[in-house]
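Chemist: Contents of query-v3.txt (compact mmCIF, C-alpha atoms) are given next:
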```txt
# COMPACT_ATOMS: atom_id res chain seq x y z
CA MET Z 1 0.00 0.00 0.00
CA GLU Z 2 1.33 3.40 -0.98
CA VAL Z 3 0.54 6.28 1.39
CA ILE Z 4 0.39 9.61 -0.43
CA LYS Z 5 0.01 13.03 1.18
CA SER Z 6 0.73 15.19 -1.86
CA VAL Z 7 -1.97 16.32 -4.30
CA ASN Z 8 0.53 16.40 -7.17
CA LEU Z 9 1.88 12.93 -6.47
CA LEU Z 10 -1.63 11.47 -6.24
CA LYS Z 11 -2.58 12.99 -9.58
CA GLU Z 12 0.62 11.63 -11.15
CA ARG Z 13 -0.07 8.12 -9.86
CA THR Z 14 -3.72 7.99 -10.93
CA GLU Z 15 -2.88 9.32 -14.40
CA GLN Z 16 -0.37 6.48 -14.76
CA ILE Z 17 -2.99 3.95 -13.69
CA ARG Z 18 -5.60 5.18 -16.16
CA GLN Z 19 -3.06 5.28 -19.00
CA SER Z 20 -2.28 1.62 -18.27
CA GLY Z 21 -5.95 0.76 -18.84
CA ARG Z 22 -6.66 -0.27 -15.25
CA GLN Z 23 -9.95 0.60 -13.52
CA ILE Z 24 -9.92 2.71 -10.33
CA GLY Z 25 -12.40 2.29 -7.49
CA PHE Z 26 -12.47 5.15 -4.98
CA VAL Z 27 -13.72 5.33 -1.40
CA PRO Z 28 -13.59 8.87 0.08
CA THR Z 29 -13.76 8.91 3.90
CA MET Z 30 -13.13 11.12 6.90
CA GLY Z 31 -11.32 8.30 8.66
CA TYR Z 32 -11.88 6.46 11.94
CA LEU Z 33 -12.76 3.54 9.69
CA HIS Z 34 -15.45 1.10 10.82
CA GLU Z 35 -17.30 -1.84 9.30
CA GLY Z 36 -19.34 0.48 7.09
CA HIS Z 37 -16.19 1.84 5.47
CA GLN Z 38 -14.82 -1.69 5.22
CA ALA Z 39 -17.91 -2.74 3.27
CA LEU Z 40 -17.27 0.11 0.82
CA MET Z 41 -13.66 -0.99 0.40
CA GLU Z 42 -14.66 -4.63 -0.09
CA ASN Z 43 -17.19 -3.68 -2.78
CA ALA Z 44 -14.65 -1.48 -4.52
CA ARG Z 45 -11.89 -4.10 -4.28
CA LYS Z 46 -14.04 -6.72 -6.03
CA ALA Z 47 -15.04 -4.54 -8.98
CA ASN Z 48 -11.83 -2.63 -9.79
CA ASP Z 49 -8.16 -3.18 -10.56
CA VAL Z 50 -6.93 -0.46 -8.23
CA LEU Z 51 -8.45 0.68 -4.93
CA VAL Z 52 -7.87 4.25 -3.74
CA VAL Z 53 -9.08 5.42 -0.31
CA SER Z 54 -8.84 8.97 0.98
CA ILE Z 55 -8.93 10.05 4.61
CA PHE Z 56 -9.55 13.75 5.09
CA VAL Z 57 -11.61 15.45 7.77
CA ASN Z 58 -12.98 18.24 5.62
CA PRO Z 59 -13.40 21.50 7.57
CA LEU Z 60 -15.71 22.99 4.95
CA GLN Z 61 -18.53 20.61 5.84
CA PHE Z 62 -18.55 21.41 9.57
CA GLY Z 63 -20.68 24.30 10.71
CA GLN Z 64 -20.28 26.50 13.77
CA GLY Z 65 -20.60 24.43 16.94
CA GLU Z 66 -20.17 21.13 15.11
CA ASP Z 67 -17.59 18.51 16.03
CA PHE Z 68 -14.65 19.16 13.68
CA ASP Z 69 -12.08 19.39 16.49
CA THR Z 70 -13.50 16.41 18.38
CA TYR Z 71 -14.28 14.25 15.34
CA PRO Z 72 -12.67 10.87 16.09
CA ARG Z 73 -9.29 10.30 14.46
CA ASP Z 74 -6.88 7.35 14.59
CA GLU Z 75 -4.45 7.47 11.67
CA GLN Z 76 -2.38 4.41 12.62
CA ARG Z 77 -5.44 2.21 13.06
CA ASP Z 78 -6.89 3.49 9.79
CA LYS Z 79 -3.66 2.71 7.94
CA GLN Z 80 -3.70 -0.86 9.24
CA LEU Z 81 -7.35 -1.38 8.29
CA ALA Z 82 -6.68 0.00 4.82
CA GLU Z 83 -3.75 -2.34 4.37
CA ASP Z 84 -5.82 -5.28 5.63
CA HIS Z 85 -8.41 -4.51 2.92
CA LYS Z 86 -5.77 -4.44 0.18
CA VAL Z 87 -5.96 -0.72 -0.51
CA ASP Z 88 -3.45 0.22 -3.20
CA ILE Z 89 -3.24 3.95 -2.53
CA LEU Z 90 -4.16 5.70 0.72
CA PHE Z 91 -4.44 9.46 0.28
CA LEU Z 92 -3.82 11.32 3.56
CA PRO Z 93 -3.63 15.06 2.87
CA ASP Z 94 -3.70 17.77 5.51
CA VAL Z 95 -5.89 20.86 5.31
CA GLU Z 96 -3.12 23.04 3.86
CA GLU Z 97 -2.54 20.52 1.07
CA MET Z 98 -6.21 20.41 0.09
CA TYR Z 99 -6.90 24.12 0.57
CA PRO Z 100 -3.62 25.99 0.13
CA ASN Z 101 -5.34 29.28 -0.71
CA LYS Z 102 -8.63 31.00 -0.02
CA PRO Z 103 -11.08 29.66 -2.62
CA VAL Z 104 -11.93 31.93 -5.54
CA ILE Z 105 -14.78 29.63 -6.62
CA GLU Z 106 -17.51 28.61 -4.21
CA MET Z 107 -19.84 25.69 -4.90
CA LYS Z 108 -23.45 25.68 -3.73
CA VAL Z 109 -25.97 22.84 -3.80
CA ALA Z 110 -29.37 24.12 -4.89
CA CYS Z 111 -31.60 21.05 -4.39
CA ARG Z 112 -31.81 17.95 -2.19
CA VAL Z 113 -30.38 19.87 0.81
CA ASP Z 114 -33.31 21.68 2.44
CA VAL Z 115 -34.56 18.45 4.07
CA LEU Z 116 -33.23 15.85 6.51
CA CYS Z 117 -29.80 16.76 7.95
CA GLY Z 118 -29.27 19.49 5.38
CA ARG Z 119 -32.06 21.61 6.87
CA SER Z 120 -30.12 22.24 10.07
CA ARG Z 121 -26.62 22.15 8.56
CA ASN Z 122 -26.49 25.20 6.34
CA GLY Z 123 -23.57 24.98 3.93
CA HIS Z 124 -22.65 21.40 4.92
CA PHE Z 125 -23.25 19.91 1.50
CA ASP Z 126 -21.56 22.85 -0.20
CA GLY Z 127 -18.44 21.71 1.63
CA VAL Z 128 -19.07 18.09 0.66
CA VAL Z 129 -19.37 18.78 -3.08
CA THR Z 130 -16.35 21.10 -2.97
CA VAL Z 131 -14.02 18.48 -1.54
CA LEU Z 132 -15.46 15.69 -3.67
CA THR Z 133 -15.02 17.72 -6.85
CA LYS Z 134 -11.36 18.18 -5.97
CA LEU Z 135 -10.96 14.49 -5.09
CA PHE Z 136 -12.71 13.28 -8.25
CA HIS Z 137 -10.33 15.37 -10.37
CA LEU Z 138 -7.29 14.08 -8.47
CA VAL Z 139 -8.22 10.38 -8.27
CA GLN Z 140 -9.96 10.14 -11.65
CA PRO Z 141 -11.96 7.09 -10.52
CA HIS Z 142 -14.13 4.91 -12.69
CA ARG Z 143 -16.39 4.15 -9.73
CA VAL Z 144 -16.92 5.85 -6.37
CA TYR Z 145 -18.58 4.16 -3.40
CA PHE Z 146 -20.92 5.69 -0.81
CA GLY Z 147 -22.84 4.11 2.03
CA LEU Z 148 -26.58 4.59 2.13
CA LYS Z 149 -26.56 5.25 5.87
CA ASP Z 150 -26.02 8.85 4.83
CA ALA Z 151 -28.50 8.60 1.97
CA GLN Z 152 -28.81 12.37 1.59
CA GLN Z 153 -25.11 12.58 0.89
CA ALA Z 154 -25.41 9.79 -1.69
CA ALA Z 155 -28.29 11.66 -3.35
CA VAL Z 156 -26.29 14.90 -3.47
CA VAL Z 157 -23.25 13.10 -4.90
CA ASP Z 158 -25.50 11.50 -7.53
CA ALA Z 159 -26.65 14.98 -8.54
CA LEU Z 160 -23.09 16.35 -8.53
CA VAL Z 161 -21.87 13.63 -10.87
CA LYS Z 162 -24.81 13.96 -13.25
CA ASP Z 163 -24.95 17.77 -13.27
CA LEU Z 164 -21.21 18.21 -13.89
CA ASN Z 165 -20.84 15.17 -16.18
CA PHE Z 166 -18.12 13.46 -14.19
CA PRO Z 167 -17.10 10.31 -16.12
CA LEU Z 168 -17.66 7.97 -13.19
CA GLU Z 169 -20.30 5.73 -11.63
CA VAL Z 170 -21.69 6.34 -8.14
CA VAL Z 171 -22.16 2.97 -6.45
CA PRO Z 172 -24.52 2.95 -3.42
CA VAL Z 173 -23.74 0.38 -0.73
CA SER Z 174 -26.31 -0.84 1.81
CA THR Z 175 -26.01 0.30 5.42
CA VAL Z 176 -23.88 -2.01 7.58
CA ARG Z 177 -25.52 -2.81 10.91
CA GLU Z 178 -24.79 -4.27 14.30
CA GLU Z 179 -26.50 -7.57 15.12
CA ASP Z 180 -29.37 -5.70 16.80
CA GLY Z 181 -29.90 -3.43 13.79
CA LEU Z 182 -28.08 -0.26 14.88
CA ALA Z 183 -26.35 1.38 11.91
CA LYS Z 184 -22.56 1.36 12.21
CA SER Z 185 -21.20 4.86 12.84
CA SER Z 186 -18.04 6.51 14.12
CA ARG Z 187 -20.23 8.39 16.58
CA ASN Z 188 -21.62 5.25 18.26
CA VAL Z 189 -18.60 5.35 20.60
CA TYR Z 190 -20.18 8.39 22.28
CA LEU Z 191 -23.29 6.49 23.42
CA SER Z 192 -23.67 5.58 27.09
CA LYS Z 193 -24.55 1.97 27.92
CA GLU Z 194 -28.21 2.89 28.40
CA GLU Z 195 -28.28 4.91 25.18
CA ARG Z 196 -26.66 2.06 23.28
CA LEU Z 197 -29.45 -0.27 24.38
CA GLU Z 198 -32.07 2.25 23.31
CA ALA Z 199 -30.37 3.09 20.00
CA LYS Z 200 -31.37 -0.23 18.44
CA GLU Z 201 -35.00 0.91 18.60
CA ILE Z 202 -34.33 3.48 15.87
CA TYR Z 203 -34.05 0.76 13.25
CA GLN Z 204 -37.08 -1.01 14.71
CA ALA Z 205 -39.06 2.21 14.27
CA LEU Z 206 -38.02 2.39 10.62
CA GLN Z 207 -39.02 -1.22 10.09
CA LEU Z 208 -42.39 -0.43 11.64
CA GLY Z 209 -42.84 2.37 9.12
CA ARG Z 210 -41.94 0.12 6.20
CA GLN Z 211 -44.32 -2.57 7.46
CA LEU Z 212 -47.15 -0.03 7.43
CA VAL Z 213 -46.52 0.51 3.72
CA ILE Z 214 -46.37 -3.24 3.13
CA ASP Z 215 -49.75 -3.49 4.87
CA GLY Z 216 -51.21 -0.89 2.52
CA GLU Z 217 -50.65 2.49 4.20
CA LYS Z 218 -49.75 5.05 1.52
CA ASN Z 219 -50.07 8.30 3.48
CA PRO Z 220 -46.58 9.52 4.47
CA ASP Z 221 -47.93 11.63 7.35
CA THR Z 222 -49.44 8.55 9.00
CA VAL Z 223 -46.20 6.60 8.63
CA VAL Z 224 -44.11 9.45 10.04
CA LYS Z 225 -46.41 9.85 13.06
CA GLU Z 226 -46.21 6.14 13.91
CA VAL Z 227 -42.41 6.17 13.67
CA GLU Z 228 -42.16 9.26 15.88
CA ASP Z 229 -44.44 7.70 18.50
CA PHE Z 230 -42.36 4.51 18.55
CA ILE Z 231 -39.06 6.36 19.02
CA ASN Z 232 -40.51 8.57 21.77
CA LYS Z 233 -41.89 5.54 23.57
CA HIS Z 234 -38.76 3.41 23.40
CA THR Z 235 -35.89 5.91 23.76
CA HIS Z 236 -34.91 9.00 25.74
CA GLY Z 237 -33.37 10.53 22.63
CA LYS Z 238 -34.70 13.76 21.19
CA ILE Z 239 -36.04 13.44 17.65
CA ASP Z 240 -34.42 15.89 15.25
CA TYR Z 241 -36.56 14.73 12.35
CA VAL Z 242 -38.56 11.88 10.90
CA GLU Z 243 -39.18 12.42 7.18
CA MET Z 244 -40.51 10.43 4.26
CA LEU Z 245 -39.44 11.68 0.81
CA THR Z 246 -38.95 10.53 -2.76
CA PHE Z 247 -35.49 9.10 -3.40
CA PRO Z 248 -33.05 10.21 -4.66
CA GLU Z 249 -34.90 13.46 -5.49
CA LEU Z 250 -35.72 14.10 -1.79
CA THR Z 251 -39.03 15.82 -2.44
CA THR Z 252 -42.30 15.64 -0.51
CA PHE Z 253 -45.30 13.70 -1.81
CA ASP Z 254 -48.92 12.92 -0.94
CA LEU Z 255 -49.06 9.15 -1.60
CA VAL Z 256 -46.40 6.45 -1.81
CA THR Z 257 -46.18 5.61 -5.52
CA GLY Z 258 -42.47 4.97 -6.20
CA GLN Z 259 -39.11 4.67 -4.46
CA VAL Z 260 -39.06 6.55 -1.14
CA ILE Z 261 -36.80 7.06 1.83
CA LEU Z 262 -37.96 6.98 5.45
CA ALA Z 263 -35.24 8.70 7.44
CA VAL Z 264 -34.67 9.69 11.07
CA ALA Z 265 -32.19 11.62 13.18
CA VAL Z 266 -32.16 11.22 16.96
CA GLN Z 267 -30.02 13.27 19.34
CA PHE Z 268 -28.68 11.51 22.42
CA GLU Z 269 -26.55 13.31 25.00
CA LYS Z 270 -23.25 13.16 23.07
CA ALA Z 271 -24.21 11.50 19.79
CA ARG Z 272 -26.60 12.36 17.00
CA LEU Z 273 -27.61 9.20 15.15
CA ILE Z 274 -29.08 9.02 11.66
CA ASP Z 275 -30.63 6.06 9.88
CA ASN Z 276 -33.00 5.28 7.04
CA VAL Z 277 -34.67 2.63 4.94
CA ILE Z 278 -35.27 2.99 1.19
CA PHE Z 279 -38.10 1.04 -0.40
CA ASP Z 280 -40.69 1.06 -3.16
CA GLN Z 281 -44.47 1.55 -3.07
CA ASN Z 282 -44.92 -2.06 -1.94
CA GLY Z 283 -42.43 -1.75 0.90
CA HIS Z 284 -39.77 -3.81 -0.87
CA ILE Z 285 -36.19 -2.68 -0.19
CA SER Z 286 -35.01 -0.72 -3.23
CA GLU Z 287 -31.77 1.25 -3.13
CA ARG Z 288 -31.24 2.73 -6.58
CA LEU Z 289 -29.80 6.13 -7.40
```
Output the structure of this file as structure tokens.

Modeler:
Amino acid sequence: MEVIKSVNLLKERTEQIRQSGRQIGFVPTMGYLHEGHQALMENARKANDVLVVSIFVNPLQFGQGEDFDTYPRDEQRDKQLAEDHKVDILFLPDVEEMYPNKPVIEMKVACRVDVLCGRSRNGHFDGVVTVLTKLFHLVQPHRVYFGLKDAQQAAVVDALVKDLNFPLEVVPVSTVREEDGLAKSSRNVYLSKEERLEAKEIYQALQLGRQLVIDGEKNPDTVVKEVEDFINKHTHGKIDYVEMLTFPELTTFDLVTGQVILAVAVQFEKARLIDNVIFDQNGHISERL
């Protein structure tokens, strides 16, 4: 595994790879790798000749009061996990390498961001698309892999790639879960023992909502209310949102007629957890972009 910290060196290496006719799979991360990231790497490893992983905690996507300084980091552990998953190139830039000067161009996401987490994180996805645009140009991947735990991010990346005609495929990967259903997340380490026991109920609430659709309920307001009631009854967490939207467009609707996302965010004392299920009008799991 080659560890690269230089933008210029990374670009040189990936240009050589593409000229040799090999296919590049890319997994962009912010580090503190867990089983969810490992699933992305495993999917990318199977489908490509070369696997590139980046680790960069991007300051542009953290708002005021958010956890940039306290975001979990463990570079040595991440390096070992990357090597264990047969990563060919690990890109580890610092902030000065990625943003050496004050930007002249600012990117702004116009749609798919005024719902779910984007509603309370003004400018977050502007930072996401800025860093991904830079990374896509540097890595020149054929395929890029994103977990559907953060489905809004996957939807925004899908729009970025299509709007700007990036010559790559966005590959969505199903959420990786603990045995009791809790979505894997770097922030799970902040849960107390009691909160960890309660956190599994978030996925149960989502499954309840999907079952309502399977049983014939097509009104999103009814589904959302039932999910909210379940979470309030079974956890001490504070609901940030429960929303049901079209996917990947992330728009509101009156009746379930196509692919939708049922998504939640719950704030515990030191951890804000997000989760979702994506399914069609019959309640069947369907995770297309």

Chemist: The residues within 12 Å of (-31.2, 19.7, 5.9), using only C-alpha atoms and the coordinates of the file, should be reported as a PyMOL selection string; which are they?

Modeler: chain Z and resi 109-126+152-153+156+240-243+250+263-265

Chemist: Could you save the residues just selected, with C-alpha atoms, as a short mmCIF file (atom, residue, chain, number, x, y, z; two decimals), keeping the file's coordinate frame?

Modeler:
```cif
data_model
loop_
_atom_site.label_atom_id
_atom_site.label_comp_id
_atom_site.auth_asym_id
_atom_site.auth_seq_id
_atom_site.Cartn_x
_atom_site.Cartn_y
_atom_site.Cartn_z
CA VAL Z 109 -25.97 22.84 -3.80
CA ALA Z 110 -29.37 24.12 -4.89
CA CYS Z 111 -31.60 21.05 -4.39
CA ARG Z 112 -31.81 17.95 -2.19
CA VAL Z 113 -30.38 19.87 0.81
CA ASP Z 114 -33.31 21.68 2.44
CA VAL Z 115 -34.56 18.45 4.07
CA LEU Z 116 -33.23 15.85 6.51
CA CYS Z 117 -29.80 16.76 7.95
CA GLY Z 118 -29.27 19.49 5.38
CA ARG Z 119 -32.06 21.61 6.87
CA SER Z 120 -30.12 22.24 10.07
CA ARG Z 121 -26.62 22.15 8.56
CA ASN Z 122 -26.49 25.20 6.34
CA GLY Z 123 -23.57 24.98 3.93
CA HIS Z 124 -22.65 21.40 4.92
CA PHE Z 125 -23.25 19.91 1.50
CA ASP Z 126 -21.56 22.85 -0.20
CA GLN Z 152 -28.81 12.37 1.59
CA GLN Z 153 -25.11 12.58 0.89
CA VAL Z 156 -26.29 14.90 -3.47
CA ASP Z 240 -34.42 15.89 15.25
CA TYR Z 241 -36.56 14.73 12.35
CA VAL Z 242 -38.56 11.88 10.90
CA GLU Z 243 -39.18 12.42 7.18
CA LEU Z 250 -35.72 14.10 -1.79
CA ALA Z 263 -35.24 8.70 7.44
CA VAL Z 264 -34.67 9.69 11.07
CA ALA Z 265 -32.19 11.62 13.18
#
```

Chemist: With distances taken over all atoms listed in the file, which residue among Z:Ser186, Z:Thr130, Z:Gln281, Z:Ser54 lies nearest Z:Asn219?

Modeler: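 Result for the nearest residue to Z:Asn219: Z:Gln281.
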
Chemist: Please, which residues are within 12 Å of (-39.5, -2.4, 1.2) by the file's coordinates, counting only C-alpha atoms, and could they come as a PyMOL selection string?

Modeler: chain Z and resi 206-216+256+258-262+276-287

Chemist: Filtering to C-alpha atoms, could you give me those residues as an mmCIF file, in the coordinates of the input?

Modeler:
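The result, written out as out-v5.cif:
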```cif
data_model
loop_
_atom_site.group_PDB
_atom_site.id
_atom_site.type_symbol
_atom_site.label_atom_id
_atom_site.label_comp_id
_atom_site.auth_asym_id
_atom_site.auth_seq_id
_atom_site.Cartn_x
_atom_site.Cartn_y
_atom_site.Cartn_z
ATOM 1 C CA LEU Z 206 -38.020 2.390 10.620
ATOM 2 C CA GLN Z 207 -39.020 -1.220 10.090
ATOM 3 C CA LEU Z 208 -42.390 -0.430 11.640
ATOM 4 C CA GLY Z 209 -42.840 2.370 9.120
ATOM 5 C CA ARG Z 210 -41.940 0.120 6.200
ATOM 6 C CA GLN Z 211 -44.320 -2.570 7.460
ATOM 7 C CA LEU Z 212 -47.150 -0.030 7.430
ATOM 8 C CA VAL Z 213 -46.520 0.510 3.720
ATOM 9 C CA ILE Z 214 -46.370 -3.240 3.130
ATOM 10 C CA ASP Z 215 -49.750 -3.490 4.870
ATOM 11 C CA GLY Z 216 -51.210 -0.890 2.520
ATOM 12 C CA VAL Z 256 -46.400 6.450 -1.810
ATOM 13 C CA GLY Z 258 -42.470 4.970 -6.200
ATOM 14 C CA GLN Z 259 -39.110 4.670 -4.460
ATOM 15 C CA VAL Z 260 -39.060 6.550 -1.140
ATOM 16 C CA ILE Z 261 -36.800 7.060 1.830
ATOM 17 C CA LEU Z 262 -37.960 6.980 5.450
ATOM 18 C CA ASN Z 276 -33.000 5.280 7.040
ATOM 19 C CA VAL Z 277 -34.670 2.630 4.940
ATOM 20 C CA ILE Z 278 -35.270 2.990 1.190
ATOM 21 C CA PHE Z 279 -38.100 1.040 -0.400
ATOM 22 C CA ASP Z 280 -40.690 1.060 -3.160
ATOM 23 C CA GLN Z 281 -44.470 1.550 -3.070
ATOM 24 C CA ASN Z 282 -44.920 -2.060 -1.940
ATOM 25 C CA GLY Z 283 -42.430 -1.750 0.900
ATOM 26 C CA HIS Z 284 -39.770 -3.810 -0.870
ATOM 27 C CA ILE Z 285 -36.190 -2.680 -0.190
ATOM 28 C CA SER Z 286 -35.010 -0.720 -3.230
ATOM 29 C CA GLU Z 287 -31.770 1.250 -3.130
#
```

Chemist: So, with only C-alpha atoms as the atoms that count, which of Z:Ala159, Z:Val104, Z:Ala39, Z:Val227 lies closest to Z:Val176?

Modeler: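 Nearest to Z:Val176: Z:Ala39.
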
Chemist: Distance atom CA of Z:Val170-atom CA of Z:Val144, one decimal place?

Modeler: 5.1 Å

Chemist: Nearest to Z:Tyr71: which of Z:Glu15, Z:Val189, Z:Val266, Z:Ala199 is it, counting only C-alpha atoms?

Modeler: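 Among the listed residues, the smallest separation from Z:Tyr71 belongs to Z:Val189.
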
Chemist: Report, in Å to a single decimal, how far apart atom CA of Z:Asn8 and atom CA of Z:Pro172 are.

Modeler: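 Those two atoms sit 28.7 Å apart.
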
Chemist: Considering all atoms listed in the file, can you say which of Z:Pro93, Z:Val50, Z:Ala205, Z:Thr246 comes closest to Z:Glu226?

Modeler: Z:Ala205

Chemist: So which residues touch Z:Arg272 within 10 Å, counting only C-alpha atoms, skipping near sequence neighbours fewer than 6 positions away, as a ChimeraX atom specification?

Modeler: /Z:187-188,190-191,237-240,265-266

Chemist: Since we have the selection now, will you write its residues out, keeping C-alpha atoms, as a compact mmCIF listing (two decimals), in the frame of the given file?

Modeler:
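And here's part-v9.txt as it stands now:
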```
# COMPACT_ATOMS: atom_id res chain seq x y z
CA ARG Z 187 -20.23 8.39 16.58
CA ASN Z 188 -21.62 5.25 18.26
CA TYR Z 190 -20.18 8.39 22.28
CA LEU Z 191 -23.29 6.49 23.42
CA GLY Z 237 -33.37 10.53 22.63
CA LYS Z 238 -34.70 13.76 21.19
CA ILE Z 239 -36.04 13.44 17.65
CA ASP Z 240 -34.42 15.89 15.25
CA ALA Z 265 -32.19 11.62 13.18
CA VAL Z 266 -32.16 11.22 16.96
```

Chemist: Do a neighbour search on stretch 148-151 of chain Z at 7 Å with all atoms listed in the file, toss out local chain neighbours closer than 4 positions, and write the hits as a CSV table (one decimal) with C-alpha atoms, keeping the file's coordinate frame.

Modeler:
```csv
chain,number,residue,atom,x,y,z
Z,155,ALA,CA,-28.3,11.7,-3.4
Z,172,PRO,CA,-24.5,3.0,-3.4
Z,173,VAL,CA,-23.7,0.4,-0.7
Z,174,SER,CA,-26.3,-0.8,1.8
Z,175,THR,CA,-26.0,0.3,5.4
Z,275,ASP,CA,-30.6,6.1,9.9
Z,276,ASN,CA,-33.0,5.3,7.0
```

Chemist: Pick out the closest residue to Z:Ile55 from this set: Z:Gly147, Z:Gly21, Z:Gly31, Z:Pro72. Count all atoms listed in the file.

Modeler: Z:Gly31

Chemist: I'd like the box whose edges run along x, y and z of the file and which contains every listed atom of stretch 151-154 of chain Z, padded by 6 Å per side; could you state its centre and edge lengths in Å, one decimal, as AutoDock Vina command-line options?

Modeler:
```
--center_x -27.0 --center_y 10.6 --center_z 0.1 --size_x 15.7 --size_y 16.0 --size_z 15.7
```

Chemist: Just give me the gap between atom CA of Z:Asp88 and atom CA of Z:Val157 in Å, one decimal is fine.

Modeler: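 Taking atom CA of Z:Asp88 as the start and atom CA of Z:Val157 as the end point, the length is 23.7 Å.
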
Chemist: Using all atoms listed in the file, which of the listed residues (Z:Ala183, Z:Ile231, Z:Val139, Z:Val223) sits closest to Z:Leu168?

Modeler: Z:Val139
